[in-house]
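Structure first, then comments.
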Amino acid sequence: MDFLRPASWEEALAAKAEHPTAVPIAGGTDVMVEINFDHRRPEYLMDLNRVGDLFEWEVGQESVRLGASVPYTKIMENLRAELPGLALASHTVASPQIRNRGGVGGNLGTASPAGDAHPALLAAGAEVEVESVRGSRRIPIDDFYQGVKRNALQPDELIRAVHIKKADGPQQFSKVGTRNAMVIAVCAFGLALHPETRTVRTGIGSAAPTPVRAKAAEEFLNAALEEGGFWDNGKIITPSVAKQFADLCSAACNPIDDVRGTASYRRHAVGVMARRTLTWTWESYRGARRASEGAA
């Protein structure tokens with residue numbers, strides 16, 4: 001196994017073009033586990049830790065540009081207001097040591113359905129900025145996941161950053177694990193309210209071959225909120241609407257039985273998390289709405 005250590009982004013792109021099979025490593029929290037267990041033996045490893053741009057973030061007027069290697073700890077400490085769903089998901093990542101090293105780019109590169117960042121990125125409607133010596137492009141998060149641990153990257157491309165719109169409403173993340181820390185998700189669920197467009201987006205992890213959205217559930221809830229005037233009147237969502245939303249989220253799953261949980265349990269748990277996160281986010285929305293009306 002050869003070790004490549006580019007000193008700049010340009011050197012990294014050139015090295016990836018010359019060695020398309022090279023596996024990027026920054027935090028190494030996924031790659032090193034696979035190598036240590038001999039599940040993977042790449043011909044080349046490419047260390048990206050000297051590429052400073054990957055560890056930086058920029059808060060714009062409408063969105064955040066998050067470098068691929070920004071550690072989860074930095075997201076929790078600095079971007080909780082702008083990216084609340086991702087900040088909540090970051091809290092659940094493994095241990096403090098791993099949160100200090102791992103970043104969203106690693107989750108995306110590995111493309112495991114159990115990656116903690118995926119539900120939040122799906123719910124927020126992120127875009128993945130990728131680049132090669134041929135040029136750069138942005139991939140909508142809905143198009144990024146191609147299969148079990150497969151993504152939309154071309155062999156010569158590297159992930160440079162993720163672009164995520166700043167939250168315009170409450171967001172939530174929930175995860176089920178076999179213990180409270182250092183655990184791979186049995187299943188996970190992300191939810192984001194987007195009051196500006198009067199839409200809701202979801203993200204489901206570890207309950208299908210890829211991270212997925214519950215699109216039928218979103219369409220149902222979007223219609224129910226609009227028809228009932230909920231965005232304007234701020235009423236409590238009725239139990240029947242919450243139950244139907246939860247059932248549709250469960251139906252969006254295509255899970256398997258494995259050592260962490262059964263398929264039926266995953267479907268049930270996703271439904272429970274969907275109902276709970278909907279309740280939490282809607283209560284937050286109602287509270288913010290009351291506060292703004294009181295201030296007016």
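Please note that chains go A, B, ... in the order of the structure tokens, that every chain numbers its residues from 1, and that ligands are numbered from 1 in the order shown.
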
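Near region 261-267 of chain A, within 10 Å and counting only C-alpha atoms, sit Val176, Gly177, Thr178, Ala185, Val186, Cys187, Ala188, Ser206, Ala207, Ala208, Ala246, Asp247, Cys249, Ser250, Ala251, Ala252, Cys253, Asn254, Pro255, Ile256 and Val272 of chain A, not including residues fewer than 5 positions from it in the same chain.
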
For the residues selected in the previous step, produce a file with N, CA and C atoms as a CSV table (one decimal), in the first residue's frame.
```csv
chain,number,residue,atom,x,y,z
A,176,VAL,N,-31.6,5.5,16.9
A,176,VAL,CA,-31.8,4.4,17.7
A,176,VAL,C,-30.5,3.6,17.6
A,177,GLY,N,-29.9,3.2,18.8
A,177,GLY,CA,-28.7,2.4,18.9
A,177,GLY,C,-28.8,1.4,20.0
A,178,THR,N,-28.0,0.4,19.9
A,178,THR,CA,-28.0,-0.7,20.9
A,178,THR,C,-27.4,-0.2,22.3
A,185,ALA,N,-25.9,3.3,14.1
A,185,ALA,CA,-27.3,3.4,14.2
A,185,ALA,C,-28.0,2.1,13.7
A,186,VAL,N,-29.0,1.7,14.6
A,186,VAL,CA,-29.9,0.7,14.1
A,186,VAL,C,-30.8,1.3,13.1
A,187,CYS,N,-31.2,2.5,13.3
A,187,CYS,CA,-32.0,3.4,12.3
A,187,CYS,C,-31.9,4.8,12.8
A,188,ALA,N,-32.1,5.7,11.9
A,188,ALA,CA,-32.1,7.2,12.3
A,188,ALA,C,-33.0,7.9,11.4
A,206,SER,N,-30.0,4.0,7.8
A,206,SER,CA,-29.9,2.6,8.3
A,206,SER,C,-31.2,1.8,8.2
A,207,ALA,N,-32.0,2.2,7.2
A,207,ALA,CA,-33.3,1.4,7.1
A,207,ALA,C,-33.6,1.1,5.7
A,208,ALA,N,-32.6,1.2,4.8
A,208,ALA,CA,-32.7,0.9,3.4
A,208,ALA,C,-31.3,0.8,2.8
A,246,ALA,N,-46.3,9.2,10.2
A,246,ALA,CA,-45.4,8.2,10.7
A,246,ALA,C,-45.5,6.9,9.9
A,247,ASP,N,-46.8,6.5,9.6
A,247,ASP,CA,-47.0,5.2,8.9
A,247,ASP,C,-46.3,5.3,7.5
A,249,CYS,N,-43.8,7.2,6.7
A,249,CYS,CA,-42.3,7.1,6.9
A,249,CYS,C,-41.8,5.7,7.1
A,250,SER,N,-42.6,4.9,7.8
A,250,SER,CA,-42.3,3.5,8.0
A,250,SER,C,-42.3,2.8,6.7
A,251,ALA,N,-43.3,3.1,5.8
A,251,ALA,CA,-43.5,2.4,4.5
A,251,ALA,C,-42.3,2.8,3.6
A,252,ALA,N,-41.6,3.9,3.8
A,252,ALA,CA,-40.5,4.3,2.9
A,252,ALA,C,-39.3,3.5,3.2
A,253,CYS,N,-39.3,2.7,4.3
A,253,CYS,CA,-38.1,1.9,4.6
A,253,CYS,C,-38.0,0.6,3.8
A,254,ASN,N,-36.8,0.2,3.6
A,254,ASN,CA,-36.6,-1.1,2.9
A,254,ASN,C,-35.4,-1.8,3.7
A,255,PRO,N,-35.7,-2.1,4.9
A,255,PRO,CA,-34.5,-2.6,5.8
A,255,PRO,C,-34.2,-4.1,5.7
A,256,ILE,N,-33.2,-4.5,6.4
A,256,ILE,CA,-32.8,-5.9,6.5
A,256,ILE,C,-32.7,-6.3,7.9
A,272,VAL,N,-41.9,5.7,14.9
A,272,VAL,CA,-42.0,6.3,16.2
A,272,VAL,C,-41.1,7.6,16.2
```

Would you mind listing, for every residue of region 111-135 of chain A within 9 Å of region 10-32 of chain A, the two atoms forming the shortest contact and the distance between them in Å to one decimal, using only C-alpha atoms, sorted by chain and ascending residue number, as CSV?
```
residue,atom,partner,partner_atom,distance
A:Glu131,CA,A:Leu13,CA,7.6
A:Ser132,CA,A:Leu13,CA,5.6
A:Val133,CA,A:Leu13,CA,5.8
```

Q. Suppose you want the space between CA of Asp156 (chain A) and CA of Met46 (chain A); what is it in Å?
A. 12.5 Å

Q. Distance CA of Ala291 (chain A)-CA of Asp168 (chain A), one decimal place?
A.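 Answer for the CA of Ala291 (chain A) to CA of Asp168 (chain A) separation: 15.4 Å.
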
**Q.** Pairwise distance for CA of Ser136 (chain A) and CA of Glu157 (chain A), rounded to one decimal in Å
**A.** 8.6 Å
